[in-house]
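The structure under discussion appears below in the form of structure tokens.
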Amino acid sequence: METLLRIFLNEIIKQGAVDIETPHAAFRVGDGGKPACAIRFANDRAAISLMRDPEFAFGELYMSGGIDVMQGTIYDVLAVITRNISVATLPKWIRMLRHARNKLRRLKQRNDLRRARSNVEHHYDIGEELYNLFLDEDLQYSCGYFDSSSADLEDAQKAKRRHIAAKLLVEPNDQILDIGCGWGGLGLYLAQCCGARVTGVTLSPRQLEVARERARKGRLIERASFRLEDYRNVTGPFDRIVSIGMFEHVGVDFYDAYFVKVADLLNETGVALISTIGRLDGPGATNPWITKHIFPGGYIPALSEIVPSVERAGLIITDIEVLRLHYAETLAHWRARFAARRDEAKILYGERFCRMWEFYLAGSECAFRFDREVVFQLQLAKKIDAIPITRDYIGLREAELRASESAPEALRAAS
């Protein structure tokens with residue numbers, strides 16, 4: 001068994017090194033350099049499981065203790081693996097598994113009205129006690145915007161809100177729809193700092209409760225309302241539409257319907273901003289471990305899958321920005337903050353959950369840092385002159401918002 005495992009791992013890990021321990025042997029795989037990490041297989045079954053289907057089994061084994069990290073962290077292990085997998089020629093049976101998953105991906109993304117709500121509740125209704133452990137004070141559970149080398153997580157999430165508001169060209173009393181509003185942070189910002197009238201929709205009952213309570217405490221009920229509603233059932237029109245980190249839950253078969261709905265809800269001079277995680281290497285399939293444990297029904301799209309649906313809906317793409325490494329930095333902060341409060345998480349959710357969450361955060365950071373995942377921000381309109389003809393307005397509006405914000409006092413009140 002050790003010989004097969006050694007051959008298998010050496011086929012994948014060419015750069016860097018990992019020390020491997022099994023119940024019967026110890027060896028090193030990689031290029032012979034000093035390893036940053038070491039792992040131990042609990043038994044032969046764990047090794048067989050990994051070799052059969054590593055993309056699914058690694059997370060399962062780490063959660064159950066079938067694999068333990070003996071040196072370094074799970075991030076260090078996944079960093080070596082991700083760097084290598086992105087350039088490796090994988091064994092034939094793994095390529096066949098990937099091909100089969102690509103063919104079957106639409107079945108996993110049948111996000112009709114019933115399943116979409118169930119999928120959202122699986123992840124977001126765990127309890128805000130978990131998210132309070134590692135998110136910023138505004139509960140922004142999406143990519144921050146690191147506009148300076150000294151920015152911390154709080155700075156990056158504030159800059160993200162400004163960046164989005166600037167791209168939306170929000171004016172006082174604009175009617176704004178926030179599709180997938182989360183715990184309400186962005187909607188409250190647009191109401192508080194831009195004077196907009198915001199309608200936020202979510203499929204998470206618990207997120208809805210928190211968003212409404214934050215609006216009440218911030219005395220923003222007249223300007224920010226939140227509803228438990230699928231975007232497909234919303235009626236308009238709206239001056240602005242924003243959706244941050246929700247498009248990953250739409251599903252490939254629903255892209256046309258999604259953008260047709262956005263076009264239907266947007267008034268003739270309106271602007272929409274859709275921000276989604278994206279892949280740079282073309283269409284693929286969601287990692288099966290992520291599908292099972294983290295985001296059932298989720299999918300990270302390629303730009304080539306999004307743009308045709310935008311065009312068919314009759315919308316104009318007025319700007320596309322690709323945020324590189326911003327999410328890697330965001331996840332690094334989340335991972336460090338979760339690690340610092342891991343003992344609290346273990347009391348709330350148990351050891352298996354903590355290992356699952358560590359694997360999720362570490363694996364996601366590696367995907368953005370080493371494996372061609374980014375964030376796409378698409379600005380859309382119906383009229384070609386709805387947006388200024390240069391991008392200078394973005395920086396100017398960000399500066400205006402920064403000067404006009406009464407944060408942190410106002411944002412703390414909204415929280």
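If you're wondering about the labels, chains in the structure tokens are A, B, ... by order shown, residues count from 1 in each chain, ligands from 1 in order shown.
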
Enumerate as a ChimeraX atom specification all residues of range 151-182 of chain A assigned to strand (DSSP E) by DSSP on the backbone, naming them with the chain letters and numbers the document uses. /A:175-179

What does the file look like for those residues with N, CA and C atoms, as a PDB file, in the first residue's frame?
```pdb
ATOM      1  N   GLN A 175     -34.304  53.917  -5.834  1.00  0.00           N
ATOM      2  CA  GLN A 175     -34.891  52.646  -5.413  1.00  0.00           C
ATOM      3  C   GLN A 175     -33.903  51.538  -5.790  1.00  0.00           C
ATOM      4  N   ILE A 176     -33.412  50.826  -4.777  1.00  0.00           N
ATOM      5  CA  ILE A 176     -32.370  49.821  -5.009  1.00  0.00           C
ATOM      6  C   ILE A 176     -32.865  48.451  -4.570  1.00  0.00           C
ATOM      7  N   LEU A 177     -32.609  47.454  -5.403  1.00  0.00           N
ATOM      8  CA  LEU A 177     -32.874  46.061  -5.056  1.00  0.00           C
ATOM      9  C   LEU A 177     -31.546  45.374  -4.772  1.00  0.00           C
ATOM     10  N   ASP A 178     -31.447  44.747  -3.607  1.00  0.00           N
ATOM     11  CA  ASP A 178     -30.265  43.963  -3.241  1.00  0.00           C
ATOM     12  C   ASP A 178     -30.667  42.490  -3.261  1.00  0.00           C
ATOM     13  N   ILE A 179     -30.225  41.779  -4.309  1.00  0.00           N
ATOM     14  CA  ILE A 179     -30.574  40.359  -4.463  1.00  0.00           C
ATOM     15  C   ILE A 179     -29.585  39.522  -3.668  1.00  0.00           C
TER      16      ILE A 179
END
```

Selection near Pro91 in chain A, 10 Å with only C-alpha atoms, sequence-local residues under 4 positions removed, as a count of residues only: 6

May I ask for the distance between CA of Thr202 in chain A and CA of Leu169 in chain A, given in Å to one decimal place?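 Separation of CA of Thr202 in chain A and CA of Leu169 in chain A: 23.4 Å.
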
Go through range 225-294 of chain A residue by residue and, counting only C-alpha atoms, keep those with an atom at most 12 Å from range 144-160 of chain A; for each kept residue give the shortest atom pair and its distance in Å to one decimal, ordered by chain and increasing number, as JSON lines.
```
{"residue": "A:Ile244", "atom": "CA", "partner": "A:Lys160", "partner_atom": "CA", "distance": 10.5}
{"residue": "A:Gly245", "atom": "CA", "partner": "A:Gly144", "partner_atom": "CA", "distance": 11.4}
{"residue": "A:Ser275", "atom": "CA", "partner": "A:Lys160", "partner_atom": "CA", "distance": 11.1}
```

Rank nothing, just name the residue among A:Ile85, A:Leu378, A:Ala17, A:Ala196 nearest to Leu303 in chain A, using only C-alpha atoms.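 Of A:Ile85, A:Leu378, A:Ala17, A:Ala196, the one nearest Leu303 in chain A, counting only C-alpha atoms, is A:Leu378.
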
I'd like the interatomic distance between CA of Val374 in chain A and CA of Gly282 in chain A, to a tenth of an Å. 12.3 Å

With only C-alpha atoms as the counted atoms, please give the residues lying no more than 12 Å from Gly72 in chain A, apart from itself and same-chain residues fewer than 2 positions off, as a tab-separated table (two decimals) with all heavy atoms, in the first residue's frame.
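For reference, result_36.tsv as written:
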```tsv
chain	number	residue	atom	x	y	z
A	18	VAL	N	6.30	17.13	0.94
A	18	VAL	CA	5.44	16.79	2.06
A	18	VAL	C	5.95	15.49	2.66
A	18	VAL	O	6.20	14.52	1.93
A	18	VAL	CB	3.97	16.63	1.62
A	18	VAL	CG1	3.09	16.30	2.83
A	18	VAL	CG2	3.46	17.88	0.91
A	19	ASP	N	6.08	15.46	3.96
A	19	ASP	CA	6.41	14.21	4.65
A	19	ASP	C	5.13	13.42	4.90
A	19	ASP	O	4.13	13.98	5.38
A	19	ASP	CB	7.12	14.49	5.97
A	19	ASP	CG	8.59	14.82	5.79
A	19	ASP	OD1	9.13	14.48	4.72
A	19	ASP	OD2	9.19	15.41	6.70
A	35	PRO	N	10.44	20.14	3.64
A	35	PRO	CA	8.98	20.21	3.64
A	35	PRO	C	8.46	21.24	4.64
A	35	PRO	O	9.03	21.43	5.71
A	35	PRO	CB	8.56	18.80	4.04
A	35	PRO	CG	9.70	18.29	4.85
A	35	PRO	CD	10.94	18.90	4.26
A	36	ALA	N	7.38	21.91	4.24
A	36	ALA	CA	6.73	22.85	5.15
A	36	ALA	C	5.65	22.16	5.96
A	36	ALA	O	5.07	22.76	6.85
A	36	ALA	CB	6.11	23.99	4.35
A	37	CYS	N	5.36	20.90	5.62
A	37	CYS	CA	4.23	20.23	6.26
A	37	CYS	C	4.41	18.71	6.22
A	37	CYS	O	5.20	18.17	5.44
A	37	CYS	CB	2.92	20.61	5.58
A	37	CYS	SG	2.93	20.44	3.79
A	38	ALA	N	3.66	18.05	7.09
A	38	ALA	CA	3.67	16.59	7.15
A	38	ALA	C	2.28	16.12	7.51
A	38	ALA	O	1.57	16.78	8.29
A	38	ALA	CB	4.68	16.10	8.19
A	39	ILE	N	1.84	14.99	6.93
A	39	ILE	CA	0.53	14.44	7.22
A	39	ILE	C	0.66	12.96	7.58
A	39	ILE	O	1.61	12.28	7.18
A	39	ILE	CB	-0.46	14.61	6.05
A	39	ILE	CG1	0.04	13.89	4.79
A	39	ILE	CG2	-0.71	16.08	5.77
A	39	ILE	CD1	-0.97	13.92	3.64
A	68	ASP	N	-4.36	13.39	9.47
A	68	ASP	CA	-4.01	14.43	10.43
A	68	ASP	C	-2.79	15.18	9.94
A	68	ASP	O	-1.91	14.60	9.29
A	68	ASP	CB	-3.71	13.84	11.80
A	68	ASP	CG	-4.96	13.75	12.68
A	68	ASP	OD1	-5.75	14.72	12.66
A	68	ASP	OD2	-5.15	12.72	13.34
A	69	VAL	N	-2.74	16.47	10.24
A	69	VAL	CA	-1.57	17.29	9.90
A	69	VAL	C	-0.62	17.25	11.08
A	69	VAL	O	-0.98	17.65	12.20
A	69	VAL	CB	-1.99	18.73	9.58
A	69	VAL	CG1	-0.76	19.58	9.27
A	69	VAL	CG2	-2.96	18.76	8.41
A	70	MET	N	0.59	16.76	10.85
A	70	MET	CA	1.57	16.58	11.92
A	70	MET	C	2.57	17.73	11.99
A	70	MET	O	3.20	17.95	13.00
A	70	MET	CB	2.32	15.26	11.71
A	70	MET	CG	1.40	14.06	11.52
A	70	MET	SD	0.18	13.86	12.84
A	70	MET	CE	1.25	13.42	14.20
A	74	ILE	N	-3.31	22.78	7.91
A	74	ILE	CA	-4.02	22.26	6.75
A	74	ILE	C	-3.88	23.22	5.56
A	74	ILE	O	-3.83	22.79	4.41
A	74	ILE	CB	-5.51	21.97	7.07
A	74	ILE	CG1	-6.20	21.26	5.91
A	74	ILE	CG2	-6.23	23.26	7.43
A	74	ILE	CD1	-5.60	19.92	5.54
A	75	TYR	N	-3.73	24.51	5.84
A	75	TYR	CA	-3.48	25.46	4.75
A	75	TYR	C	-2.14	25.16	4.08
A	75	TYR	O	-2.05	25.17	2.84
A	75	TYR	CB	-3.49	26.90	5.26
A	75	TYR	CG	-3.05	27.88	4.19
A	75	TYR	CD1	-3.94	28.32	3.22
A	75	TYR	CD2	-1.73	28.34	4.13
A	75	TYR	CE1	-3.54	29.19	2.22
A	75	TYR	CE2	-1.32	29.21	3.14
A	75	TYR	CZ	-2.23	29.62	2.18
A	75	TYR	OH	-1.82	30.48	1.18
A	76	ASP	N	-1.11	24.89	4.86
A	76	ASP	CA	0.20	24.60	4.29
A	76	ASP	C	0.14	23.37	3.37
A	76	ASP	O	0.73	23.35	2.29
A	76	ASP	CB	1.23	24.35	5.40
A	76	ASP	CG	1.44	25.57	6.28
A	76	ASP	OD1	1.42	26.69	5.75
A	76	ASP	OD2	1.61	25.38	7.51
A	77	VAL	N	-0.60	22.35	3.81
A	77	VAL	CA	-0.74	21.13	3.01
A	77	VAL	C	-1.48	21.44	1.72
A	77	VAL	O	-1.04	21.06	0.62
A	77	VAL	CB	-1.47	20.04	3.82
A	77	VAL	CG1	-1.71	18.81	2.94
A	77	VAL	CG2	-0.70	19.67	5.07
A	78	LEU	N	-2.60	22.13	1.84
A	78	LEU	CA	-3.41	22.42	0.65
A	78	LEU	C	-2.70	23.37	-0.30
A	78	LEU	O	-2.91	23.31	-1.52
A	78	LEU	CB	-4.77	22.98	1.07
A	78	LEU	CG	-5.70	21.98	1.74
A	78	LEU	CD1	-6.93	22.68	2.31
A	78	LEU	CD2	-6.13	20.89	0.76
A	79	ALA	N	-1.86	24.25	0.23
A	79	ALA	CA	-1.11	25.16	-0.64
A	79	ALA	C	-0.16	24.38	-1.54
A	79	ALA	O	-0.07	24.64	-2.75
A	79	ALA	CB	-0.34	26.17	0.20
A	80	VAL	N	0.55	23.41	-0.98
A	80	VAL	CA	1.45	22.57	-1.79
A	80	VAL	C	0.64	21.80	-2.84
A	80	VAL	O	1.01	21.76	-4.02
A	80	VAL	CB	2.24	21.60	-0.90
A	80	VAL	CG1	3.04	20.62	-1.76
A	80	VAL	CG2	3.17	22.35	0.04
```

I'd like to know which of A:Arg240, A:Arg28, A:Arg312, A:Arg355 is closest to Asp256 in chain A, using only C-alpha atoms.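 Among A:Arg240, A:Arg28, A:Arg312, A:Arg355, it is A:Arg312 that comes nearest to Asp256 in chain A.
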
Minimum-distance residue to Leu50 in chain A, chosen among A:Ala272, A:Ala26, A:Leu168, A:Leu4 (using only C-alpha atoms):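 Going through A:Ala272, A:Ala26, A:Leu168, A:Leu4 one by one, the smallest distance to Leu50 in chain A is for A:Leu4.
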
Distance in Å - CA of Ile94 in chain A versus CA of Glu55 in chain A: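 So the two atoms, CA of Ile94 in chain A and CA of Glu55 in chain A, lie 8.6 Å apart.
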
Taking the DSSP secondary structure from the backbone, can you list the residues of range 17-215 of chain A that are alpha helix (DSSP H), as a short mmCIF file (atom, residue, chain, number, x, y, z; two decimals) with N, CA and C atoms, in the first residue's frame?
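Just written: part-v2.cif:
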```cif
data_model
loop_
_atom_site.label_atom_id
_atom_site.label_comp_id
_atom_site.auth_asym_id
_atom_site.auth_seq_id
_atom_site.Cartn_x
_atom_site.Cartn_y
_atom_site.Cartn_z
N ASP A 44 -4.86 2.05 6.29
CA ASP A 44 -4.80 1.78 4.85
C ASP A 44 -6.07 2.23 4.14
N ARG A 45 -7.21 2.14 4.83
CA ARG A 45 -8.47 2.56 4.20
C ARG A 45 -8.43 4.03 3.82
N ALA A 46 -7.82 4.83 4.66
CA ALA A 46 -7.71 6.26 4.36
C ALA A 46 -6.87 6.48 3.10
N ALA A 47 -5.78 5.77 2.97
CA ALA A 47 -4.92 5.91 1.80
C ALA A 47 -5.64 5.48 0.53
N ILE A 48 -6.37 4.36 0.60
CA ILE A 48 -7.12 3.87 -0.57
C ILE A 48 -8.19 4.87 -0.97
N SER A 49 -8.89 5.40 0.01
CA SER A 49 -9.94 6.38 -0.26
C SER A 49 -9.39 7.61 -0.95
N LEU A 50 -8.24 8.10 -0.48
CA LEU A 50 -7.64 9.28 -1.10
C LEU A 50 -7.26 9.00 -2.54
N MET A 51 -6.66 7.87 -2.81
CA MET A 51 -6.22 7.57 -4.17
C MET A 51 -7.40 7.39 -5.12
N ARG A 52 -8.50 6.85 -4.64
CA ARG A 52 -9.66 6.65 -5.51
C ARG A 52 -10.26 7.96 -5.98
N PRO A 54 -9.39 11.79 -4.78
CA PRO A 54 -8.78 12.75 -3.86
C PRO A 54 -9.56 14.04 -3.71
N GLU A 55 -10.23 14.50 -4.76
CA GLU A 55 -10.93 15.78 -4.67
C GLU A 55 -12.10 15.73 -3.70
N PHE A 56 -12.67 14.57 -3.51
CA PHE A 56 -13.74 14.41 -2.52
C PHE A 56 -13.19 13.89 -1.19
N ALA A 57 -12.30 12.93 -1.25
CA ALA A 57 -11.91 12.19 -0.05
C ALA A 57 -11.02 12.99 0.89
N PHE A 58 -10.20 13.89 0.37
CA PHE A 58 -9.27 14.59 1.25
C PHE A 58 -10.03 15.33 2.36
N GLY A 59 -11.05 16.09 1.99
CA GLY A 59 -11.83 16.81 2.98
C GLY A 59 -12.54 15.88 3.95
N GLU A 60 -13.09 14.79 3.42
CA GLU A 60 -13.76 13.81 4.27
C GLU A 60 -12.80 13.22 5.29
N LEU A 61 -11.62 12.86 4.84
CA LEU A 61 -10.63 12.24 5.72
C LEU A 61 -10.12 13.23 6.77
N TYR A 62 -9.93 14.47 6.37
CA TYR A 62 -9.48 15.46 7.35
C TYR A 62 -10.55 15.69 8.42
N MET A 63 -11.81 15.75 8.01
CA MET A 63 -12.90 15.95 8.97
C MET A 63 -12.97 14.81 9.98
N SER A 64 -12.78 13.59 9.51
CA SER A 64 -12.98 12.42 10.36
C SER A 64 -11.74 12.01 11.14
N ILE A 74 -3.31 22.78 7.91
CA ILE A 74 -4.02 22.26 6.75
C ILE A 74 -3.88 23.22 5.56
N TYR A 75 -3.73 24.51 5.84
CA TYR A 75 -3.48 25.46 4.75
C TYR A 75 -2.14 25.16 4.08
N ASP A 76 -1.11 24.89 4.86
CA ASP A 76 0.20 24.60 4.29
C ASP A 76 0.14 23.37 3.37
N VAL A 77 -0.60 22.35 3.81
CA VAL A 77 -0.74 21.13 3.01
C VAL A 77 -1.48 21.44 1.72
N LEU A 78 -2.60 22.13 1.84
CA LEU A 78 -3.41 22.42 0.65
C LEU A 78 -2.70 23.37 -0.30
N ALA A 79 -1.86 24.25 0.23
CA ALA A 79 -1.11 25.16 -0.64
C ALA A 79 -0.16 24.38 -1.54
N VAL A 80 0.55 23.41 -0.98
CA VAL A 80 1.45 22.57 -1.79
C VAL A 80 0.64 21.80 -2.84
N ILE A 81 -0.45 21.20 -2.42
CA ILE A 81 -1.25 20.40 -3.33
C ILE A 81 -1.84 21.25 -4.44
N THR A 82 -2.40 22.41 -4.08
CA THR A 82 -3.06 23.26 -5.08
C THR A 82 -2.07 23.78 -6.11
N ARG A 83 -0.90 24.20 -5.65
CA ARG A 83 0.12 24.67 -6.59
C ARG A 83 0.46 23.58 -7.61
N ASN A 84 0.51 22.35 -7.15
CA ASN A 84 0.89 21.25 -8.04
C ASN A 84 -0.25 20.80 -8.94
N ILE A 85 -1.45 20.69 -8.40
CA ILE A 85 -2.59 20.22 -9.19
C ILE A 85 -2.88 21.17 -10.35
N LYS A 92 -5.39 9.08 -15.01
CA LYS A 92 -6.52 8.95 -15.93
C LYS A 92 -7.85 8.83 -15.20
N TRP A 93 -7.89 8.06 -14.10
CA TRP A 93 -9.18 7.86 -13.44
C TRP A 93 -9.69 9.15 -12.78
N ILE A 94 -8.77 10.02 -12.35
CA ILE A 94 -9.18 11.30 -11.79
C ILE A 94 -9.71 12.21 -12.89
N ARG A 95 -9.07 12.18 -14.06
CA ARG A 95 -9.56 12.98 -15.18
C ARG A 95 -10.94 12.49 -15.60
N MET A 96 -11.16 11.17 -15.53
CA MET A 96 -12.47 10.62 -15.87
C MET A 96 -13.53 11.05 -14.86
N LEU A 97 -13.17 11.09 -13.58
CA LEU A 97 -14.11 11.57 -12.56
C LEU A 97 -14.48 13.02 -12.81
N ARG A 98 -13.48 13.84 -13.14
CA ARG A 98 -13.76 15.25 -13.42
C ARG A 98 -14.68 15.39 -14.62
N HIS A 99 -14.42 14.59 -15.65
CA HIS A 99 -15.25 14.65 -16.84
C HIS A 99 -16.70 14.27 -16.52
N ALA A 100 -16.87 13.22 -15.73
CA ALA A 100 -18.22 12.80 -15.35
C ALA A 100 -18.93 13.88 -14.54
N ARG A 101 -18.21 14.52 -13.64
CA ARG A 101 -18.82 15.58 -12.83
C ARG A 101 -19.19 16.78 -13.68
N ASN A 102 -18.36 17.08 -14.68
CA ASN A 102 -18.71 18.17 -15.59
C ASN A 102 -20.00 17.86 -16.33
N LYS A 103 -20.15 16.60 -16.75
CA LYS A 103 -21.36 16.21 -17.48
C LYS A 103 -22.61 16.26 -16.60
N LEU A 104 -22.45 15.96 -15.32
CA LEU A 104 -23.59 15.86 -14.42
C LEU A 104 -23.84 17.14 -13.62
N ARG A 105 -23.06 18.17 -13.88
CA ARG A 105 -23.13 19.35 -13.01
C ARG A 105 -24.50 20.01 -13.02
N ARG A 106 -25.20 19.96 -14.14
CA ARG A 106 -26.51 20.62 -14.19
C ARG A 106 -27.51 19.97 -13.25
N LEU A 107 -27.36 18.66 -13.03
CA LEU A 107 -28.25 17.99 -12.08
C LEU A 107 -28.01 18.50 -10.66
N LYS A 108 -26.77 18.83 -10.35
CA LYS A 108 -26.44 19.34 -9.02
C LYS A 108 -26.88 20.78 -8.83
N LEU A 113 -37.26 26.94 -7.08
CA LEU A 113 -37.64 27.75 -5.93
C LEU A 113 -37.48 26.99 -4.61
N ARG A 114 -37.87 25.72 -4.60
CA ARG A 114 -37.80 24.94 -3.36
C ARG A 114 -36.35 24.62 -3.00
N ARG A 115 -35.61 24.13 -3.99
CA ARG A 115 -34.24 23.70 -3.70
C ARG A 115 -33.34 24.89 -3.40
N ALA A 116 -33.58 26.02 -4.06
CA ALA A 116 -32.75 27.20 -3.81
C ALA A 116 -32.83 27.62 -2.35
N ARG A 117 -34.04 27.60 -1.79
CA ARG A 117 -34.19 27.98 -0.38
C ARG A 117 -33.51 26.97 0.53
N SER A 118 -33.68 25.69 0.24
CA SER A 118 -33.06 24.65 1.05
C SER A 118 -31.54 24.78 1.03
N ASN A 119 -30.97 25.06 -0.14
CA ASN A 119 -29.51 25.20 -0.26
C ASN A 119 -29.00 26.39 0.55
N VAL A 120 -29.72 27.49 0.51
CA VAL A 120 -29.31 28.67 1.25
C VAL A 120 -29.37 28.41 2.75
N GLU A 121 -30.43 27.79 3.20
CA GLU A 121 -30.56 27.51 4.63
C GLU A 121 -29.47 26.58 5.13
N HIS A 122 -29.02 25.66 4.27
CA HIS A 122 -27.96 24.71 4.65
C HIS A 122 -26.71 25.45 5.13
N HIS A 123 -26.38 26.55 4.46
CA HIS A 123 -25.13 27.25 4.77
C HIS A 123 -25.34 28.45 5.68
N TYR A 124 -26.36 29.25 5.41
CA TYR A 124 -26.46 30.55 6.07
C TYR A 124 -27.29 30.52 7.35
N GLU A 128 -25.69 32.89 13.28
CA GLU A 128 -24.73 33.98 13.16
C GLU A 128 -23.67 33.93 14.24
N GLU A 129 -23.85 33.08 15.26
CA GLU A 129 -22.79 32.89 16.25
C GLU A 129 -21.49 32.46 15.58
N LEU A 130 -21.61 31.58 14.56
CA LEU A 130 -20.42 31.15 13.83
C LEU A 130 -19.80 32.32 13.08
N TYR A 131 -20.61 33.06 12.35
CA TYR A 131 -20.08 34.12 11.49
C TYR A 131 -19.54 35.29 12.31
N ASN A 132 -20.08 35.48 13.50
CA ASN A 132 -19.54 36.51 14.39
C ASN A 132 -18.11 36.20 14.83
N LEU A 133 -17.71 34.94 14.74
CA LEU A 133 -16.37 34.56 15.16
C LEU A 133 -15.30 35.07 14.21
N PHE A 134 -15.63 35.22 12.93
CA PHE A 134 -14.53 35.52 11.99
C PHE A 134 -14.83 36.62 10.98
N LEU A 153 -9.05 43.73 7.59
CA LEU A 153 -10.34 43.22 7.12
C LEU A 153 -11.42 44.28 7.22
N GLU A 154 -11.47 45.01 8.32
CA GLU A 154 -12.49 46.06 8.47
C GLU A 154 -12.34 47.11 7.38
N ASP A 155 -11.10 47.54 7.12
CA ASP A 155 -10.84 48.53 6.07
C ASP A 155 -11.30 48.00 4.71
N ALA A 156 -10.97 46.74 4.42
CA ALA A 156 -11.28 46.18 3.11
C ALA A 156 -12.78 46.06 2.88
N GLN A 157 -13.52 45.73 3.91
CA GLN A 157 -14.97 45.60 3.74
C GLN A 157 -15.63 46.98 3.61
N LYS A 158 -15.12 47.97 4.31
CA LYS A 158 -15.63 49.33 4.12
C LYS A 158 -15.32 49.82 2.70
N ALA A 159 -14.10 49.55 2.23
CA ALA A 159 -13.73 49.95 0.88
C ALA A 159 -14.58 49.23 -0.16
N LYS A 160 -14.92 47.97 0.12
CA LYS A 160 -15.79 47.22 -0.80
C LYS A 160 -17.15 47.89 -0.95
N ARG A 161 -17.74 48.31 0.17
CA ARG A 161 -19.04 48.97 0.11
C ARG A 161 -18.97 50.27 -0.69
N ARG A 162 -17.90 51.04 -0.45
CA ARG A 162 -17.73 52.28 -1.21
C ARG A 162 -17.58 52.00 -2.70
N HIS A 163 -16.78 50.99 -3.02
CA HIS A 163 -16.50 50.66 -4.42
C HIS A 163 -17.79 50.28 -5.15
N ILE A 164 -18.62 49.50 -4.49
CA ILE A 164 -19.89 49.08 -5.09
C ILE A 164 -20.82 50.26 -5.25
N ALA A 165 -20.94 51.07 -4.20
CA ALA A 165 -21.82 52.24 -4.28
C ALA A 165 -21.37 53.19 -5.39
N ALA A 166 -20.05 53.35 -5.54
CA ALA A 166 -19.54 54.23 -6.58
C ALA A 166 -19.88 53.70 -7.97
N LYS A 167 -19.72 52.40 -8.17
CA LYS A 167 -20.04 51.81 -9.48
C LYS A 167 -21.54 51.87 -9.78
N LEU A 168 -22.35 51.82 -8.74
CA LEU A 168 -23.80 51.90 -8.94
C LEU A 168 -24.28 53.32 -9.21
N GLY A 185 -25.85 44.28 5.55
CA GLY A 185 -24.82 45.31 5.68
C GLY A 185 -24.73 46.27 4.51
N LEU A 186 -24.72 45.75 3.29
CA LEU A 186 -24.60 46.62 2.12
C LEU A 186 -25.84 47.49 1.97
N GLY A 187 -27.03 46.90 2.14
CA GLY A 187 -28.26 47.67 2.03
C GLY A 187 -28.33 48.79 3.04
N LEU A 188 -27.91 48.51 4.27
CA LEU A 188 -27.91 49.54 5.31
C LEU A 188 -26.92 50.65 4.97
N TYR A 189 -25.79 50.29 4.39
CA TYR A 189 -24.82 51.30 3.98
C TYR A 189 -25.40 52.21 2.89
N LEU A 190 -26.04 51.61 1.89
CA LEU A 190 -26.59 52.40 0.79
C LEU A 190 -27.71 53.31 1.28
N ALA A 191 -28.46 52.85 2.28
CA ALA A 191 -29.51 53.68 2.86
C ALA A 191 -28.91 54.78 3.74
N GLN A 192 -27.96 54.41 4.59
CA GLN A 192 -27.39 55.34 5.57
C GLN A 192 -26.51 56.39 4.90
N CYS A 193 -25.61 55.96 4.03
CA CYS A 193 -24.57 56.85 3.52
C CYS A 193 -24.90 57.45 2.15
N CYS A 194 -25.83 56.83 1.42
CA CYS A 194 -26.16 57.33 0.08
C CYS A 194 -27.59 57.88 0.00
N PRO A 205 -34.13 32.63 6.53
CA PRO A 205 -34.94 33.22 7.59
C PRO A 205 -34.11 33.88 8.68
N ARG A 206 -32.97 33.26 9.03
CA ARG A 206 -32.17 33.83 10.10
C ARG A 206 -31.49 35.12 9.65
N GLN A 207 -30.99 35.16 8.43
CA GLN A 207 -30.41 36.40 7.93
C GLN A 207 -31.45 37.51 7.90
N LEU A 208 -32.66 37.15 7.51
CA LEU A 208 -33.74 38.14 7.46
C LEU A 208 -33.97 38.76 8.84
N GLU A 209 -34.04 37.93 9.87
CA GLU A 209 -34.25 38.44 11.23
C GLU A 209 -33.16 39.43 11.62
N VAL A 210 -31.92 39.06 11.34
CA VAL A 210 -30.80 39.92 11.71
C VAL A 210 -30.84 41.23 10.94
N ALA A 211 -31.08 41.16 9.63
CA ALA A 211 -31.12 42.38 8.80
C ALA A 211 -32.21 43.32 9.28
N ARG A 212 -33.38 42.80 9.57
CA ARG A 212 -34.48 43.64 10.04
C ARG A 212 -34.17 44.27 11.39
N GLU A 213 -33.56 43.49 12.27
CA GLU A 213 -33.20 44.02 13.59
C GLU A 213 -32.16 45.12 13.46
N ARG A 214 -31.21 44.95 12.56
CA ARG A 214 -30.19 45.98 12.35
C ARG A 214 -30.81 47.26 11.79
N ALA A 215 -31.77 47.10 10.88
CA ALA A 215 -32.45 48.28 10.34
C ALA A 215 -33.22 49.00 11.44
#
```

Give me the residues within 6 Å of Ile13 in chain A as a ChimeraX atom specification, counting only C-alpha atoms and dropping any in the same chain fewer than 2 places off. /A:9-10,15,30,84
